[in-house]
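A short worksheet on the structure shown next.
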Amino acid sequence: MAVSGDTASSRAAPARGGGRAIRGGLDLVPGALALVAMRILLLLLSSLPAVVLVLAGLAAGPARQPFFTEPAGRLPLFHLLRLGGALSGAVTSGLVLAVVLALLGQQVLAAGALSWLGRDGRAGAVWRAVPARGLGWLWPMLKVLLLAAVCSGAGLALLGRLFDALDRHGDVAGWTGHTMMVCLPALRVIAAVVWLAVVGAWAFWCRVLLVADGRRTVRSAWLLVLRVFRRHPLRAPLFYVVVTLASQLGAGVLLVAWRQGPPDSASAVLPWLGSWLLVLALQGYLWYWLLHSARLLYALPDLDGVRRRPDGPVGLGRALTWLRGWLRRRGPSS
């Protein structure tokens, strides 16, 4: 059984209720502010190349066309979409590269922060220890990311087929226009958002289990997350979904406000800059709250059975081999 020192300390942790674990996640442990600062720096540095590439691409020609310069006031949404489509392929490739680098940075930082938040893990200089530990977990974190992407795509494809079948059934059954044009599309969007949120919570807790127990087999950790969700359905998946949506909605509200009243002078930019930095700080703290509360929740005594599960393959290959052999043996007799 592969169990790290973090797990041993988790077992020795005092028993706490799930609610106390969530509240305890708000406490600032040694290095907490550094973790929040790392998160903010990651968001800024990962977005900086994209901003530079977009500005350079717009200045090269698309932003000077009459289609974009003639409208007075803020640019209509349709023009913004056209402006984005006019960017060169090199700029688009640069944006994709920036997203990939941001994802890699997030995997390293999340794994390093989870390791640091272990009771016996807060040793050394946080600015050196967290990136170093996170790099050691990069490959398992990437496998979690790939598995989450596959599950997300498969679920969205299945939902698409389901709602396409409902559309065809509605045409035949004579459903009302309101049902076909409003209710079904709204349900499709809601179902997609719920599915993506569930997969996101699943991937998050898979990372928690991997780092907290020193596991390396992603498939077994992926299945063990089900036990955590069954024990704590509100404080594990639902808490993650609520906090993540709140973080994203805060940035979305500020973006809509910026869109409604963009600054028209250099002095007017400063309040907006301060607002964006405040939102980034809040997002960083919410991210820390998720990680810290997850470590505390996973240390609860009622999850001892999950922590004692050995690290190793789940045996799907052996099960499929046995099933093929059984079918071959049954074939001639039938």
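Naming scheme: A, B, ... for chains in displayed order of the structure tokens; residues 1 onward per chain; ligands 1 onward as shown.
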
Give me, as a PDB file with N, CA and C atoms, in the first residue's frame, all polymer residues having an atom no more than 12 Å from Leu277 (chain A), counting only C-alpha atoms and skipping those fewer than 3 positions away in the same chain.
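Result saved to out21.pdb:
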```
ATOM      1  N   ALA A  37      -0.869  34.205  -3.460  1.00  0.00           N
ATOM      2  CA  ALA A  37      -0.083  35.048  -4.353  1.00  0.00           C
ATOM      3  C   ALA A  37       0.393  34.267  -5.582  1.00  0.00           C
ATOM      4  N   ILE A  40      -2.473  34.059  -8.007  1.00  0.00           N
ATOM      5  CA  ILE A  40      -2.691  35.327  -8.709  1.00  0.00           C
ATOM      6  C   ILE A  40      -1.628  35.521  -9.784  1.00  0.00           C
ATOM      7  N   LEU A  41      -0.369  35.249  -9.444  1.00  0.00           N
ATOM      8  CA  LEU A  41       0.704  35.398 -10.414  1.00  0.00           C
ATOM      9  C   LEU A  41       0.519  34.456 -11.593  1.00  0.00           C
ATOM     10  N   LEU A  43      -2.328  33.347 -12.797  1.00  0.00           N
ATOM     11  CA  LEU A  43      -3.396  33.877 -13.649  1.00  0.00           C
ATOM     12  C   LEU A  43      -2.902  35.057 -14.482  1.00  0.00           C
ATOM     13  N   LEU A  44      -2.102  35.931 -13.859  1.00  0.00           N
ATOM     14  CA  LEU A  44      -1.603  37.091 -14.580  1.00  0.00           C
ATOM     15  C   LEU A  44      -0.594  36.695 -15.656  1.00  0.00           C
ATOM     16  N   ALA A 251     -16.020  37.141 -11.666  1.00  0.00           N
ATOM     17  CA  ALA A 251     -15.282  37.676 -12.814  1.00  0.00           C
ATOM     18  C   ALA A 251     -16.228  38.031 -13.952  1.00  0.00           C
ATOM     19  N   LEU A 254     -17.943  41.426 -13.304  1.00  0.00           N
ATOM     20  CA  LEU A 254     -17.035  42.545 -13.550  1.00  0.00           C
ATOM     21  C   LEU A 254     -16.807  42.750 -15.044  1.00  0.00           C
ATOM     22  N   LEU A 270      -7.720  53.215 -13.623  1.00  0.00           N
ATOM     23  CA  LEU A 270      -7.203  52.802 -12.322  1.00  0.00           C
ATOM     24  C   LEU A 270      -8.255  52.108 -11.446  1.00  0.00           C
ATOM     25  N   PRO A 271      -9.489  52.656 -11.308  1.00  0.00           N
ATOM     26  CA  PRO A 271     -10.484  51.912 -10.514  1.00  0.00           C
ATOM     27  C   PRO A 271     -10.784  50.534 -11.076  1.00  0.00           C
ATOM     28  N   TRP A 272     -10.840  50.447 -12.412  1.00  0.00           N
ATOM     29  CA  TRP A 272     -11.085  49.137 -13.010  1.00  0.00           C
ATOM     30  C   TRP A 272      -9.919  48.189 -12.740  1.00  0.00           C
ATOM     31  N   LEU A 273      -8.695  48.700 -12.819  1.00  0.00           N
ATOM     32  CA  LEU A 273      -7.529  47.863 -12.533  1.00  0.00           C
ATOM     33  C   LEU A 273      -7.562  47.361 -11.098  1.00  0.00           C
ATOM     34  N   GLY A 274      -7.915  48.254 -10.161  1.00  0.00           N
ATOM     35  CA  GLY A 274      -8.041  47.823  -8.778  1.00  0.00           C
ATOM     36  C   GLY A 274      -9.131  46.781  -8.588  1.00  0.00           C
ATOM     37  N   LEU A 280      -9.153  38.976  -8.653  1.00  0.00           N
ATOM     38  CA  LEU A 280      -8.113  37.945  -8.692  1.00  0.00           C
ATOM     39  C   LEU A 280      -7.732  37.488  -7.288  1.00  0.00           C
ATOM     40  N   ALA A 281      -7.654  38.444  -6.341  1.00  0.00           N
ATOM     41  CA  ALA A 281      -7.329  38.083  -4.963  1.00  0.00           C
ATOM     42  C   ALA A 281      -8.425  37.208  -4.350  1.00  0.00           C
ATOM     43  N   LEU A 282      -9.682  37.558  -4.598  1.00  0.00           N
ATOM     44  CA  LEU A 282     -10.790  36.744  -4.081  1.00  0.00           C
ATOM     45  C   LEU A 282     -10.790  35.358  -4.711  1.00  0.00           C
ATOM     46  N   GLN A 283     -10.532  35.284  -6.010  1.00  0.00           N
ATOM     47  CA  GLN A 283     -10.464  33.983  -6.664  1.00  0.00           C
ATOM     48  C   GLN A 283      -9.332  33.140  -6.093  1.00  0.00           C
ATOM     49  N   GLY A 284      -8.189  33.784  -5.813  1.00  0.00           N
ATOM     50  CA  GLY A 284      -7.086  33.047  -5.225  1.00  0.00           C
ATOM     51  C   GLY A 284      -7.419  32.523  -3.841  1.00  0.00           C
TER      52      GLY A 284
END
```

Region 156-239 of chain A: which residues are alpha helix (DSSP H) by DSSP, as number ranges by chain?
A: 156-173, 177-178, 184-213, 218-231, 239

Please identify all polymer residues within 12 Å of Leu117 (chain A), counting only C-alpha atoms, omitting same-chain residues fewer than 6 positions from it, and present them as a PyMOL selection string.
chain A and resi 6-7+9-10+25+27-32+35+110-111+123+126+129-130+133+208+211-212+288-296+299

When you look at Trp195 (chain A) with a cut-off of 9 Å (counting only C-alpha atoms), what residues show up, excluding the ones that are within fewer than 4 positions of it in the same chain? I need them as JSON, numbers by chain.
{"A": [152, 155, 156, 190, 191, 199, 200]}

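Nearest to Leu224 (chain A) of all the residues A:Trp326, A:Trp175, A:Gly121, A:Arg308 is A:Arg308, counting only C-alpha atoms.
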
Within 8 Å of Arg235 (chain A) using only C-alpha atoms, minus same-chain residues under 3 positions, as a ChimeraX atom specification
/A:18-19,22,232,238-240

Please produce an output containing N, CA and C atoms for each residue in the selection, written as an mmCIF file, in the first residue's frame.
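As a result, part-v3.cif now contains:
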```
data_model
loop_
_atom_site.group_PDB
_atom_site.id
_atom_site.type_symbol
_atom_site.label_atom_id
_atom_site.label_comp_id
_atom_site.auth_asym_id
_atom_site.auth_seq_id
_atom_site.Cartn_x
_atom_site.Cartn_y
_atom_site.Cartn_z
ATOM 1 N N GLY A 18 -17.789 17.399 9.221
ATOM 2 C CA GLY A 18 -17.586 17.933 7.880
ATOM 3 C C GLY A 18 -17.751 19.441 7.831
ATOM 4 N N GLY A 19 -18.734 19.952 8.596
ATOM 5 C CA GLY A 19 -18.932 21.387 8.607
ATOM 6 C C GLY A 19 -17.749 22.123 9.188
ATOM 7 N N ILE A 22 -15.030 22.412 6.597
ATOM 8 C CA ILE A 22 -15.247 23.491 5.632
ATOM 9 C C ILE A 22 -14.899 24.833 6.260
ATOM 10 N N HIS A 232 -19.885 12.297 1.823
ATOM 11 C CA HIS A 232 -20.070 13.739 1.987
ATOM 12 C C HIS A 232 -20.579 14.356 0.684
ATOM 13 N N LEU A 238 -20.724 19.184 -4.058
ATOM 14 C CA LEU A 238 -21.557 20.383 -4.129
ATOM 15 C C LEU A 238 -20.791 21.625 -3.675
ATOM 16 N N PHE A 239 -19.992 21.490 -2.630
ATOM 17 C CA PHE A 239 -19.205 22.632 -2.159
ATOM 18 C C PHE A 239 -18.238 23.103 -3.242
ATOM 19 N N TYR A 240 -17.597 22.176 -3.923
ATOM 20 C CA TYR A 240 -16.686 22.548 -5.005
ATOM 21 C C TYR A 240 -17.430 23.292 -6.110
#
```
